[in-house]
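Student: Sharing a structure here in C-alpha cells format.
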Amino acid sequence: MAIKVKVVERPTGDVSYVRATLKGMALTVKHLFDVNGRVTTQYPEEKSPISPRWRGTHRMLTTETGKARCVACGLCPTVCPANCIKLVPGEDEEGNRYPLVFEIDEFRCIFCGYCQEVCPEEAIHVGRHYENSEYSREGFVYDLQRLMDQSHPVCEMWDPEDPKGE
Ligand code: SF4
Ligand code: SF4
C-alpha cells in the first residue's frame, strides 16, 4: 500500500475549537450506538491475529532426537543488548558442545530478535506468543527445558527481499 502524505495547514489567527469538539463528540455518539460496527474483542475468548513478525516468548527448537539444537556457540548471549541470556557451555566425550545451562530472562528481554538472527543453528527463536504473565520476576526466567517445551509458532524475521512481508 502506497503511503500518502496529507499536509494540514495550521490556522494563522484565533480559532474556535467548538465545531471540532462537537464533530468529535458526534463521532463518539455515532460509534456508541453502532452495534454492528463495534470493534471490542472479547479477550481472552477471542483473540486478534498477530503479525507473522511478532517477536514474543522464546522457543528453543529441538533435533529429531528431542535434544536442543543449541551448540553453545555463545553468539546469542554476546549479541543480546539486554544481557538476559545465560549460557554455560558443556562438551560431550566426542567434543560436541551443548548447553549445560541456557536461560533467558523474558522480563529483561527487549524482544529485538537478535538472538534468532545470529544463531547459526536456528535453534533459538522469538515466538508469536505474548501470554506470558507471571506473579514474580523469577517466573520470567525460562530455563532450557521450558524453552524447549514451548510450542507456539516462531517469528518470521524481516526479509530485505520482501520488506512489506507480502
Ligand atoms: S530478543 Fe534480543 S533482548 Fe531478547 S534475548 Fe534475544 S537478543 Fe536478548
Ligand atoms: S546462538 Fe544458537 S547455537 Fe549459539 S548459543 Fe545461542 S542458541 Fe545456542
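Lettering and numbering for the C-alpha cells are positional, with chains as A, B, ... in the shown order, residues counted from 1 in each chain, and ligands counted from 1 in the shown order.
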Name the residues in contact with range 44-47 of chain A at a cut-off of 12 Å, using only C-alpha atoms, excluding same-chain residues fewer than 3 positions from it; report them as number ranges by chain.

Tutor: A: 39-41, 50, 129-131

Student: Hey, can you spit out that residue selection with N, CA and C atoms as a short mmCIF file (atom, residue, chain, number, x, y, z; two decimals), in the first residue's frame?

Tutor:
```
data_model
loop_
_atom_site.label_atom_id
_atom_site.label_comp_id
_atom_site.auth_asym_id
_atom_site.auth_seq_id
_atom_site.Cartn_x
_atom_site.Cartn_y
_atom_site.Cartn_z
N VAL A 39 -15.98 -2.83 17.71
CA VAL A 39 -14.67 -3.45 17.50
C VAL A 39 -14.13 -4.11 18.77
N THR A 40 -14.93 -4.14 19.81
CA THR A 40 -14.46 -4.74 21.06
C THR A 40 -14.20 -6.24 20.86
N THR A 41 -13.04 -6.68 21.30
CA THR A 41 -12.72 -8.10 21.21
C THR A 41 -12.88 -8.72 22.60
N ILE A 50 -2.08 -12.05 15.19
CA ILE A 50 -0.88 -11.23 15.33
C ILE A 50 0.02 -11.44 14.12
N HIS A 129 3.89 -15.18 20.34
CA HIS A 129 3.22 -15.51 21.59
C HIS A 129 3.45 -14.36 22.58
N TYR A 130 2.41 -14.00 23.32
CA TYR A 130 2.57 -12.89 24.26
C TYR A 130 1.94 -13.15 25.63
N GLU A 131 1.27 -14.27 25.79
CA GLU A 131 0.60 -14.50 27.07
C GLU A 131 1.55 -15.16 28.05
#
```

Student: Using only C-alpha atoms and all ligand atoms, which residues of the polymer chains come no farther than 6 Å from ligand 1? I'd like the answer as a list in words.

Tutor: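 These are the residues that qualify: Cys80, Pro81, Ala82, Cys84, Ile85, Cys109, Ile110, Phe111, Cys112, Gly113, Tyr114 and Cys115 of chain A.
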
Student: Please identify the residues whose atoms come within 10 Å of ligand 2, using only C-alpha atoms and all ligand atoms, and report them as an NGL selection string.

Tutor: :A and (59-61 or 68-80 or 85-89 or 97-99 or 102 or 114-125)

Student: Could you save the residues just selected, with C-alpha atoms, as a short mmCIF file (atom, residue, chain, number, x, y, z; two decimals), in the first residue's frame?

Tutor:
```cif
data_model
loop_
_atom_site.label_atom_id
_atom_site.label_comp_id
_atom_site.auth_asym_id
_atom_site.auth_seq_id
_atom_site.Cartn_x
_atom_site.Cartn_y
_atom_site.Cartn_z
CA ARG A 59 11.35 -21.08 21.83
CA MET A 60 14.29 -23.45 21.63
CA LEU A 61 13.88 -25.80 18.69
CA ALA A 68 18.14 -28.76 21.99
CA ARG A 69 19.57 -27.61 18.67
CA CYS A 70 21.85 -25.19 20.52
CA VAL A 71 25.57 -25.93 20.19
CA ALA A 72 26.55 -23.46 22.90
CA CYS A 73 28.48 -21.27 20.48
CA GLY A 74 27.94 -18.23 22.70
CA LEU A 75 26.79 -15.89 19.94
CA CYS A 76 23.35 -15.11 21.32
CA PRO A 77 24.48 -14.07 24.82
CA THR A 78 27.21 -12.00 23.18
CA VAL A 79 24.86 -10.13 20.87
CA CYS A 80 21.99 -9.73 23.35
CA ILE A 85 20.73 -14.83 28.17
CA LYS A 86 22.73 -17.05 30.48
CA LEU A 87 24.74 -19.80 28.84
CA VAL A 88 27.07 -22.31 30.43
CA PRO A 89 28.57 -24.50 27.70
CA ARG A 97 29.27 -28.67 22.56
CA TYR A 98 25.88 -28.34 24.19
CA PRO A 99 24.29 -26.01 26.74
CA PHE A 102 20.66 -21.98 29.00
CA TYR A 114 18.99 -10.51 17.54
CA CYS A 115 19.41 -13.92 19.18
CA GLN A 116 17.28 -15.53 16.48
CA GLU A 117 19.09 -13.68 13.71
CA VAL A 118 22.55 -14.58 14.93
CA CYS A 119 22.01 -18.25 15.82
CA PRO A 120 23.95 -20.45 13.36
CA GLU A 121 21.82 -23.50 14.21
CA GLU A 122 18.44 -21.73 14.01
CA ALA A 123 17.94 -23.06 17.50
CA ILE A 124 16.67 -20.09 19.47
CA HIS A 125 13.69 -18.16 18.17
#
```

Student: Could you please write out, as JSON, numbers by chain, every residue of range 2-161 of chain A that DSSP assigns to strand (DSSP E or B)?

Tutor: {"A": [56, 57, 58, 59, 60, 62, 68, 85, 86, 87, 88, 89, 90, 91, 97, 98, 99, 100, 101, 102, 103, 104, 105, 124, 125, 126, 127, 141, 142, 154, 159]}

Student: Using the selection just defined, write its residues with N, CA and C atoms as a short mmCIF file (atom, residue, chain, number, x, y, z; two decimals), in the first residue's frame.

Tutor:
```cif
data_model
loop_
_atom_site.label_atom_id
_atom_site.label_comp_id
_atom_site.auth_asym_id
_atom_site.auth_seq_id
_atom_site.Cartn_x
_atom_site.Cartn_y
_atom_site.Cartn_z
N GLY A 56 7.89 -12.45 20.39
CA GLY A 56 7.47 -12.65 21.77
C GLY A 56 8.23 -13.78 22.43
N THR A 57 7.56 -14.48 23.29
CA THR A 57 8.17 -15.55 24.10
C THR A 57 9.07 -16.47 23.26
N HIS A 58 10.25 -16.73 23.80
CA HIS A 58 11.23 -17.53 23.05
C HIS A 58 10.85 -19.00 22.98
N ARG A 59 11.45 -19.62 22.00
CA ARG A 59 11.35 -21.08 21.83
C ARG A 59 12.71 -21.62 21.46
N MET A 60 13.07 -22.74 22.05
CA MET A 60 14.29 -23.45 21.63
C MET A 60 13.85 -24.64 20.79
N THR A 62 14.23 -28.18 18.72
CA THR A 62 14.92 -29.42 19.09
C THR A 62 15.27 -30.25 17.85
N ALA A 68 18.10 -30.15 22.44
CA ALA A 68 18.14 -28.76 21.99
C ALA A 68 19.09 -28.61 20.81
N ILE A 85 20.55 -13.40 28.47
CA ILE A 85 20.73 -14.83 28.17
C ILE A 85 21.90 -15.36 28.99
N LYS A 86 21.65 -16.42 29.71
CA LYS A 86 22.73 -17.05 30.48
C LYS A 86 23.05 -18.39 29.84
N LEU A 87 24.32 -18.56 29.49
CA LEU A 87 24.74 -19.80 28.84
C LEU A 87 25.96 -20.35 29.55
N VAL A 88 25.89 -21.61 29.94
CA VAL A 88 27.07 -22.31 30.43
C VAL A 88 27.29 -23.48 29.48
N PRO A 89 28.37 -23.44 28.69
CA PRO A 89 28.57 -24.50 27.70
C PRO A 89 29.16 -25.76 28.31
N GLY A 90 28.78 -26.88 27.71
CA GLY A 90 29.36 -28.16 28.10
C GLY A 90 29.88 -28.86 26.85
N GLU A 91 30.59 -29.97 27.04
CA GLU A 91 31.15 -30.70 25.91
C GLU A 91 31.05 -32.20 26.21
N ARG A 97 29.67 -29.63 21.54
CA ARG A 97 29.27 -28.67 22.56
C ARG A 97 27.75 -28.68 22.71
N TYR A 98 27.32 -28.44 23.91
CA TYR A 98 25.88 -28.34 24.19
C TYR A 98 25.68 -27.43 25.40
N PRO A 99 24.48 -26.91 25.60
CA PRO A 99 24.29 -26.01 26.74
C PRO A 99 24.06 -26.78 28.03
N LEU A 100 24.94 -26.59 28.99
CA LEU A 100 24.72 -27.15 30.33
C LEU A 100 23.62 -26.34 31.01
N VAL A 101 23.72 -25.03 30.86
CA VAL A 101 22.69 -24.12 31.36
C VAL A 101 22.36 -23.15 30.23
N PHE A 102 21.09 -22.99 29.97
CA PHE A 102 20.66 -21.98 29.00
C PHE A 102 19.39 -21.36 29.55
N GLU A 103 19.46 -20.08 29.87
CA GLU A 103 18.30 -19.40 30.45
C GLU A 103 18.08 -18.07 29.76
N ILE A 104 16.84 -17.70 29.62
CA ILE A 104 16.50 -16.37 29.12
C ILE A 104 15.55 -15.72 30.11
N ASP A 105 15.90 -14.51 30.51
CA ASP A 105 15.03 -13.74 31.39
C ASP A 105 14.08 -12.93 30.51
N ILE A 124 17.48 -20.98 18.62
CA ILE A 124 16.67 -20.09 19.47
C ILE A 124 15.85 -19.15 18.59
N HIS A 125 14.60 -19.01 18.96
CA HIS A 125 13.69 -18.16 18.17
C HIS A 125 12.86 -17.31 19.12
N VAL A 126 12.54 -16.11 18.67
CA VAL A 126 11.47 -15.38 19.34
C VAL A 126 10.17 -15.92 18.74
N GLY A 127 9.10 -15.89 19.52
CA GLY A 127 7.90 -16.57 19.07
C GLY A 127 6.69 -15.67 18.94
N VAL A 141 12.07 -16.22 34.17
CA VAL A 141 13.33 -16.84 33.74
C VAL A 141 13.01 -18.22 33.18
N TYR A 142 13.18 -18.36 31.89
CA TYR A 142 12.89 -19.63 31.21
C TYR A 142 14.18 -20.44 31.11
N VAL A 154 6.99 -19.73 15.50
CA VAL A 154 8.12 -18.81 15.68
C VAL A 154 7.98 -17.62 14.74
N ASP A 159 12.53 -9.66 6.10
CA ASP A 159 13.30 -10.12 4.94
C ASP A 159 13.56 -8.93 4.03
#
```

Student: From a backbone DSSP assignment, name each residue in range 3-166 of chain A labelled helix (DSSP H, G or I), as a ChimeraX atom specification.

Tutor: /A:18-33,35-37,75-79,114-118,138-140,144-149

Student: Which of these, A:Arg53, A:Lys23, A:Arg137, A:Arg128, has the shortest distance to Pro163 in chain A once you count only C-alpha atoms?

Tutor: A:Arg53
